[in-house]
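**Q** Just target37.csv, nothing more (CSV, C-alpha atoms):
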```csv
chain,number,residue,atom,x,y,z
F,1141,MET,CA,54.6,147.5,44.2
F,1142,SER,CA,52.7,144.4,43.1
F,1143,THR,CA,52.3,144.2,39.3
F,1144,LYS,CA,49.4,143.7,37.0
F,1145,SER,CA,50.0,140.5,35.2
F,1146,ASN,CA,49.8,139.4,31.6
F,1147,ILE,CA,49.4,135.7,32.7
F,1148,GLU,CA,46.0,134.6,31.5
F,1149,TRP,CA,45.0,132.8,34.7
F,1150,THR,CA,45.8,135.6,37.3
F,1151,GLU,CA,45.4,139.3,37.7
F,1152,PHE,CA,48.4,140.6,39.7
F,1153,THR,CA,51.7,139.2,40.8
F,1154,TRP,CA,53.2,139.6,44.3
F,1155,ASN,CA,56.8,138.8,44.8
F,1156,PRO,CA,57.9,138.9,48.5
F,1157,ALA,CA,60.9,136.9,47.3
F,1158,THR,CA,62.7,136.6,44.0
F,1159,GLY,CA,65.2,134.2,42.5
F,1160,CYS,CA,65.4,130.4,42.5
F,1161,THR,CA,67.4,127.3,41.6
F,1162,LYS,CA,66.6,124.7,39.0
F,1163,ILE,CA,65.5,121.3,40.1
F,1164,SER,CA,63.7,119.6,37.2
F,1165,PRO,CA,63.4,119.6,33.3
F,1166,GLY,CA,60.6,122.2,33.5
F,1167,CYS,CA,63.1,124.7,34.8
F,1168,LYS,CA,65.4,124.4,31.8
F,1169,HIS,CA,64.2,127.5,30.0
F,1170,CYS,CA,62.8,129.4,33.0
F,1171,TYR,CA,61.0,132.6,32.0
F,1172,ALA,CA,61.6,134.1,35.5
F,1173,GLU,CA,65.3,133.7,35.2
F,1174,VAL,CA,65.4,135.4,31.8
F,1175,MET,CA,63.2,138.2,33.1
F,1176,ALA,CA,65.3,138.7,36.3
F,1177,GLU,CA,68.5,139.0,34.2
F,1178,ARG,CA,66.7,141.5,32.0
F,1179,LEU,CA,65.6,143.5,35.0
F,1180,GLN,CA,69.1,143.4,36.5
F,1181,ALA,CA,70.5,144.9,33.3
F,1182,MET,CA,67.9,147.6,33.5
F,1183,GLY,CA,68.8,148.4,37.1
F,1184,ALA,CA,65.4,147.5,38.4
F,1185,PRO,CA,65.2,147.6,42.3
F,1186,GLY,CA,65.2,144.2,43.8
F,1187,TYR,CA,67.1,142.5,41.0
F,1188,GLU,CA,70.6,143.7,41.7
F,1189,ASN,CA,71.6,140.0,42.2
F,1190,GLY,CA,69.8,138.8,39.1
F,1191,PHE,CA,68.1,135.4,39.7
F,1192,LYS,CA,69.8,134.7,43.0
F,1193,LEU,CA,67.3,134.1,45.8
F,1194,GLN,CA,66.5,137.3,47.7
F,1195,LEU,CA,63.9,138.1,50.3
F,1196,HIS,CA,62.0,141.4,50.0
F,1197,PRO,CA,60.4,142.2,53.4
F,1198,ASP,CA,59.5,145.7,52.1
F,1199,ARG,CA,57.0,144.1,49.7
F,1200,LEU,CA,55.1,142.1,52.4
F,1201,THR,CA,52.5,144.8,52.9
F,1202,GLN,CA,51.7,145.4,49.3
F,1203,PRO,CA,48.4,143.4,49.2
F,1204,LEU,CA,47.2,145.2,52.4
F,1205,LYS,CA,47.1,148.5,50.4
F,1206,ARG,CA,44.7,147.1,47.8
F,1207,LYS,CA,41.1,147.2,48.8
F,1208,LYS,CA,39.6,145.8,45.6
F,1209,PRO,CA,39.3,142.0,45.7
F,1210,THR,CA,42.2,140.7,43.6
F,1211,THR,CA,43.7,137.4,42.5
F,1212,TYR,CA,47.5,137.4,43.2
F,1213,PHE,CA,50.0,134.9,41.8
F,1214,VAL,CA,52.5,134.7,44.7
F,1215,ASN,CA,56.2,134.6,43.8
F,1216,SER,CA,55.9,134.5,40.0
F,1217,MET,CA,59.6,135.2,40.1
F,1218,SER,CA,60.6,132.5,42.6
F,1219,ASP,CA,59.3,129.5,44.5
F,1220,LEU,CA,57.7,130.4,47.8
F,1221,PHE,CA,58.7,127.0,49.2
F,1222,HIS,CA,62.3,127.2,48.2
F,1223,GLU,CA,64.5,125.5,50.8
F,1224,ASP,CA,66.4,128.7,51.5
F,1225,ILE,CA,63.3,130.7,52.4
F,1226,PRO,CA,62.9,130.4,56.2
F,1227,PHE,CA,59.7,129.2,57.7
F,1228,GLU,CA,59.7,132.4,59.8
F,1229,TYR,CA,59.5,134.4,56.6
F,1230,LEU,CA,56.7,132.2,55.3
F,1231,ASP,CA,54.8,133.0,58.5
F,1232,GLN,CA,55.0,136.6,57.6
F,1233,VAL,CA,53.7,136.0,54.0
F,1234,PHE,CA,50.8,133.9,55.2
F,1235,ASP,CA,50.0,136.4,57.9
F,1236,VAL,CA,49.4,139.0,55.2
F,1237,ILE,CA,47.2,136.4,53.3
F,1238,ARG,CA,45.1,135.9,56.4
F,1239,GLN,CA,44.7,139.6,56.9
F,1240,THR,CA,43.3,140.0,53.4
F,1241,PRO,CA,40.5,137.5,53.0
F,1242,HIS,CA,39.1,139.6,50.2
F,1243,HIS,CA,42.0,138.6,48.0
F,1244,THR,CA,42.8,135.2,46.4
F,1245,TYR,CA,46.4,134.0,46.4
F,1246,GLN,CA,47.6,131.4,43.9
F,1247,ILE,CA,50.8,129.7,45.2
F,1248,LEU,CA,52.6,127.4,42.8
F,1249,THR,CA,55.6,125.3,43.7
F,1250,LYS,CA,57.9,122.6,42.5
F,1251,ARG,CA,58.8,121.8,46.1
F,1252,PRO,CA,55.5,120.4,47.6
F,1253,GLU,CA,57.4,118.3,50.1
F,1254,ARG,CA,58.6,121.5,51.8
F,1255,ALA,CA,55.0,122.9,51.6
F,1256,GLU,CA,53.8,119.7,53.3
F,1257,GLU,CA,56.4,120.1,56.0
F,1258,TYR,CA,55.4,123.7,56.6
F,1259,PHE,CA,51.7,123.0,56.9
F,1260,GLN,CA,52.1,120.1,59.2
F,1261,GLN,CA,51.9,122.6,62.1
F,1262,ARG,CA,49.9,125.3,60.3
F,1263,LYS,CA,46.6,125.7,58.5
F,1264,VAL,CA,46.3,126.7,54.9
F,1265,PRO,CA,44.3,129.9,54.7
F,1266,THR,CA,41.1,129.3,52.7
F,1267,ASN,CA,41.9,132.2,50.3
F,1268,ALA,CA,45.3,130.5,49.4
F,1269,TRP,CA,45.2,128.1,46.5
F,1270,LEU,CA,48.1,125.7,46.5
F,1271,GLY,CA,49.4,124.3,43.2
F,1272,VAL,CA,52.3,122.2,41.9
F,1273,SER,CA,54.1,122.4,38.5
F,1274,VAL,CA,53.8,119.2,36.5
F,1275,GLU,CA,55.9,118.7,33.4
F,1276,ASP,CA,56.5,115.0,33.0
F,1277,HIS,CA,56.1,111.6,34.7
F,1278,LYS,CA,59.4,111.4,36.7
F,1279,TYR,CA,59.3,114.8,38.4
F,1280,GLY,CA,55.8,116.1,37.9
F,1281,LEU,CA,53.4,113.3,38.8
F,1282,PRO,CA,54.9,112.6,42.2
F,1283,ARG,CA,54.2,116.2,43.2
F,1284,ILE,CA,50.5,115.7,42.7
F,1285,GLU,CA,50.5,112.9,45.3
F,1286,ILE,CA,52.2,115.2,47.9
F,1287,LEU,CA,49.9,118.1,47.1
F,1288,ARG,CA,46.9,115.9,47.7
F,1289,ARG,CA,48.0,115.3,51.2
F,1290,ILE,CA,48.0,119.0,52.1
F,1291,ASP,CA,44.7,120.1,53.6
F,1292,ALA,CA,44.0,123.1,51.2
F,1293,ALA,CA,40.6,124.3,50.2
F,1294,THR,CA,41.7,124.7,46.6
F,1295,ARG,CA,44.5,122.6,44.9
F,1296,PHE,CA,45.7,123.1,41.3
F,1297,LEU,CA,48.2,121.9,38.8
F,1298,SER,CA,50.2,124.0,36.3
F,1299,ILE,CA,51.0,121.6,33.6
F,1300,GLU,CA,53.3,124.0,31.8
F,1301,PRO,CA,55.5,123.3,30.0
F,1302,LEU,CA,53.9,120.0,29.1
F,1303,LEU,CA,56.9,117.9,27.9
F,1304,GLU,CA,55.4,114.5,27.4
F,1305,ASP,CA,52.2,112.5,27.5
F,1306,LEU,CA,51.3,112.0,31.1
F,1307,GLY,CA,49.3,108.9,30.5
F,1308,ALA,CA,46.9,107.8,33.2
F,1309,PHE,CA,47.0,109.9,36.4
F,1310,ASP,CA,44.7,110.7,39.4
F,1311,LEU,CA,43.0,114.0,39.8
F,1312,THR,CA,41.2,113.2,43.0
F,1313,GLY,CA,41.2,116.2,45.2
F,1314,ILE,CA,42.5,118.5,42.4
F,1315,HIS,CA,40.2,121.4,41.6
F,1316,TRP,CA,41.9,123.1,38.7
F,1317,VAL,CA,44.3,122.2,35.9
F,1318,ILE,CA,46.2,124.7,33.7
F,1319,VAL,CA,47.9,123.4,30.6
F,1320,GLY,CA,50.4,125.2,28.3
F,1321,GLY,CA,53.2,124.7,25.9
F,1322,GLU,CA,56.7,126.3,26.2
F,1323,SER,CA,57.6,129.6,24.7
F,1324,GLY,CA,60.9,131.0,23.6
F,1325,ALA,CA,63.6,130.3,20.9
F,1326,LYS,CA,64.5,127.0,22.5
F,1327,ALA,CA,61.0,125.8,23.3
F,1328,ARG,CA,60.2,122.1,23.3
F,1329,PRO,CA,57.1,121.1,21.4
F,1330,MET,CA,53.8,120.0,22.9
F,1331,LYS,CA,51.5,117.6,21.1
F,1332,THR,CA,47.8,117.8,20.7
F,1333,GLU,CA,47.2,114.3,21.9
F,1334,TRP,CA,49.0,115.1,25.2
F,1335,VAL,CA,46.6,118.0,25.8
F,1336,GLU,CA,43.6,115.8,24.8
F,1337,ASN,CA,44.6,113.2,27.4
F,1338,ILE,CA,44.6,115.8,30.2
F,1339,ALA,CA,41.4,117.4,29.1
F,1340,ASN,CA,39.7,114.0,29.1
F,1341,HIS,CA,41.0,113.4,32.6
F,1342,CYS,CA,39.6,116.7,33.8
F,1343,THR,CA,36.2,116.0,32.3
F,1344,ALA,CA,36.0,112.6,33.9
F,1345,ALA,CA,37.1,113.9,37.3
F,1346,GLY,CA,34.9,117.1,37.2
F,1347,THR,CA,38.1,119.2,37.4
F,1348,ALA,CA,38.2,122.7,35.9
F,1349,PHE,CA,40.3,122.9,32.8
F,1350,PHE,CA,42.2,126.0,31.6
F,1351,PHE,CA,44.2,126.0,28.4
F,1352,LYS,CA,46.8,128.7,28.6
F,1353,GLN,CA,48.6,128.6,25.3
F,1354,TRP,CA,50.3,126.5,22.6
F,1355,GLY,CA,53.5,128.4,23.1
F,1356,ALA,CA,56.2,128.4,20.4
F,1357,TRP,CA,54.8,125.3,18.6
F,1358,GLY,CA,51.3,125.3,17.2
F,1359,ALA,CA,48.7,122.6,17.2
F,1360,ASP,CA,49.8,121.9,13.6
F,1361,GLY,CA,53.4,121.3,14.8
F,1362,VAL,CA,54.7,124.5,13.2
F,1363,LYS,CA,57.0,126.8,15.1
F,1364,ARG,CA,56.0,130.5,15.2
F,1365,SER,CA,55.3,133.2,17.8
F,1366,LYS,CA,53.2,132.2,20.7
F,1367,HIS,CA,50.7,135.0,19.9
F,1368,ALA,CA,50.3,133.6,16.4
F,1369,ASN,CA,49.7,130.1,17.8
F,1370,GLY,CA,47.1,131.4,20.2
F,1371,ARG,CA,45.3,129.6,22.9
F,1372,GLU,CA,42.5,127.8,21.3
F,1373,PHE,CA,42.2,124.1,21.8
F,1374,GLN,CA,39.6,122.0,19.8
F,1375,GLY,CA,38.4,125.2,18.2
F,1376,LYS,CA,37.7,127.2,21.4
F,1377,THR,CA,39.2,128.8,24.5
F,1378,TRP,CA,39.1,127.0,27.8
F,1379,ASP,CA,39.0,129.3,30.8
F,1380,GLY,CA,37.8,127.0,33.5
F,1381,LEU,CA,38.2,128.0,37.1
F,1382,PRO,CA,37.6,126.2,40.4
F,1383,THR,CA,34.0,126.0,41.5
F,1384,GLY,CA,32.9,129.4,43.0
F,1385,ALA,CA,36.0,131.2,41.8
F,1386,GLN,CA,35.7,134.3,39.7
F,1387,MET,CA,38.4,136.6,38.3
F,1388,GLN,CA,37.6,140.3,38.6
F,1389,LEU,CA,38.9,142.8,36.1
F,1390,ALA,CA,42.1,144.2,37.6
F,1391,VAL,CA,42.6,147.9,37.4
```
Re-express the file's structure as structure tokens.
**A**
Amino acid sequence: MSTKSNIEWTEFTWNPATGCTKISPGCKHCYAEVMAERLQAMGAPGYENGFKLQLHPDRLTQPLKRKKPTTYFVNSMSDLFHEDIPFEYLDQVFDVIRQTPHHTYQILTKRPERAEEYFQQRKVPTNAWLGVSVEDHKYGLPRIEILRRIDAATRFLSIEPLLEDLGAFDLTGIHWVIVGGESGAKARPMKTEWVENIANHCTAAGTAFFFKQWGAWGADGVKRSKHANGREFQGKTWDGLPTGAQMQLAV
């Protein structure tokens, strides 16, 4: 079934596909890959092949069974627009999204060019938020330009892990920005001034800002557990959401 999530900016995860392949520096220490391998070792259904891409048609109807309005992170264990997921299967996923307008679906990809191709002949459901992962200049910033061309009611950026200062960039047409540092033993550090730059851009553009976590490296540059480092930035938590959005308490 769909799973209640510990991710701060969503409620439940829905994985009609699992597994992926790495395409940019943000993928280097992929949490989903580590989790998939752990689930494979535990004998969990659906992870018999570890992190190899796999479609799960039996999971397509999961959101239909939940009547309470819920925010779903779609494919937390994959990339919905992976090149090996057929458009015909995406049609089935988005059919479920259209059938459940009481839910909100957050879809995050590192492959916006494929999302753009898919939506050239299809409309984005209004209850589907489309987002791209942004980790650096070379790979991340160009994704924003492609996302902006897709006619979605809500567009967002997941800037996690933030690997360098993004400098000046355009948030026109972007409704929400999530920022976070990397976790894990091999995590790469995130600097305070990098976060400040993004927060300032959000303020100037009127874009909602959500600070997810420092990760393994604290604001003071000391490495410790992500829980010890917490998620305060400038002395407070930042839980901004797109205008009109509200997260319900998932039960």
**Q** Which residues of range 1253-1368 of chain F have any atom within 7 Å of an atom in range 1144-1168 of chain F when counting all atoms listed in the file, and what is the closest pair of atoms for each, with the distance in Å to one decimal? Order the rows by chain and rising number and write it as CSV.
**A**
```
residue,atom,partner,partner_atom,distance
F:Glu1275,CA,F:Gly1166,CA,5.9
F:Tyr1279,CA,F:Ser1164,CA,6.6
F:Pro1301,CA,F:Gly1166,CA,6.3
F:Lys1352,CA,F:Glu1148,CA,6.6
```
**Q** Quick one: residues within 12 Å of range 1307-1311 of chain F, only C-alpha atoms counted, chain neighbours fewer than 5 positions away excluded, as a VMD selection string?
**A** chain F and resid 1274 1276 to 1277 1280 to 1285 1287 to 1288 1295 to 1297 1316 to 1317 1333 to 1349
**Q** To one decimal in Å, tell me the separation between CA of Glu1372 in chain F and CA of Gly1324 in chain F.
**A**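 Separation between CA of Glu1372 in chain F and CA of Gly1324 in chain F: 18.8 Å.
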**Q** Expressed in Å to a single decimal, how great is the separation between CA of Ala1176 in chain F and CA of Glu1257 in chain F?
**A**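 We find that CA of Ala1176 in chain F and CA of Glu1257 in chain F lie 28.5 Å from each other.
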**Q** Could you tell me which of F:His1222, F:Lys1250, F:Lys1208, F:Arg1328 comes closest to Leu1302 in chain F if we count all atoms listed in the file?
**A**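 Using all atoms listed in the file, the shortest distance to Leu1302 in chain F belongs to F:Arg1328.
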**Q** Please work out which residues fall within 10 Å of (46.0, 132.4, 22.3), coordinates as given in the file, with only C-alpha atoms counting, and return them as number ranges by chain.
**A** F: 1148, 1351-1355, 1366-1373, 1376-1377
**Q** Pull C-alpha atoms from the residues just selected and write them as a compact mmCIF listing (two decimals), keeping the file's coordinate frame.
**A**
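Everything below was put into out_29.txt:
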```txt
# COMPACT_ATOMS: atom_id res chain seq x y z
CA GLU F 1148 46.00 134.60 31.50
CA PHE F 1351 44.20 126.00 28.40
CA LYS F 1352 46.80 128.70 28.60
CA GLN F 1353 48.60 128.60 25.30
CA TRP F 1354 50.30 126.50 22.60
CA GLY F 1355 53.50 128.40 23.10
CA LYS F 1366 53.20 132.20 20.70
CA HIS F 1367 50.70 135.00 19.90
CA ALA F 1368 50.30 133.60 16.40
CA ASN F 1369 49.70 130.10 17.80
CA GLY F 1370 47.10 131.40 20.20
CA ARG F 1371 45.30 129.60 22.90
CA GLU F 1372 42.50 127.80 21.30
CA PHE F 1373 42.20 124.10 21.80
CA LYS F 1376 37.70 127.20 21.40
CA THR F 1377 39.20 128.80 24.50
```
**Q** What is the CA of Trp1269 in chain F-CA of Phe1227 in chain F distance in Å, reported with one decimal?
**A** 18.4 Å
**Q** Of the candidates F:Glu1256, F:Asn1267, F:Lys1363, F:Thr1312, which shows the shortest atom-to-atom distance to Arg1289 in chain F, using only C-alpha atoms?
**A**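 When distances to Arg1289 in chain F are compared using only C-alpha atoms, the smallest one comes from F:Glu1256.
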**Q** So, counting all atoms listed in the file, which residue among F:Lys1278, F:Lys1192, F:Arg1199, F:His1243 is closest to Ser1218 in chain F?
**A**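 Smallest separation from Ser1218 in chain F among the options: F:Lys1192.
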**Q** Just the residues within 7 Å of Phe1350 in chain F, please, counting all atoms listed in the file, with nothing from its chain fewer than 6 positions along; format it as an mmCIF file with C-alpha atoms, in the coordinates of the input.
**A**
```cif
data_model
loop_
_atom_site.group_PDB
_atom_site.id
_atom_site.type_symbol
_atom_site.label_atom_id
_atom_site.label_comp_id
_atom_site.auth_asym_id
_atom_site.auth_seq_id
_atom_site.Cartn_x
_atom_site.Cartn_y
_atom_site.Cartn_z
ATOM 1 C CA VAL F 1317 44.300 122.200 35.900
ATOM 2 C CA ILE F 1318 46.200 124.700 33.700
ATOM 3 C CA VAL F 1319 47.900 123.400 30.600
ATOM 4 C CA TRP F 1378 39.100 127.000 27.800
ATOM 5 C CA ASP F 1379 39.000 129.300 30.800
ATOM 6 C CA GLY F 1380 37.800 127.000 33.500
#
```
**Q** Just checking: using all atoms listed in the file, which residue out of F:Asn1215, F:Thr1332, F:Ser1323, F:Gln1246 ends up closest to Ala1292 in chain F?
**A**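 Among F:Asn1215, F:Thr1332, F:Ser1323, F:Gln1246, it is F:Gln1246 that comes nearest to Ala1292 in chain F.
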**Q** Can you work out which one of F:Gly1186, F:Pro1382, F:Pro1241, F:Pro1226 has the shortest atom-to-atom distance to His1315 in chain F, counting all atoms listed in the file?
**A**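 The answer is F:Pro1382, which sits nearest to His1315 in chain F.
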**Q** Within 9 Å of (59.4, 119.5, 24.7), all atoms listed in the file: residues as a list in words?
**A**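 Within 9 Å of (59.4, 119.5, 24.7), the protein and nucleic acid residues are Pro1301, Leu1302, Leu1303, Glu1304, Gly1321, Glu1322, Ala1327, Arg1328, Pro1329, Met1330 and Lys1331 of chain F.
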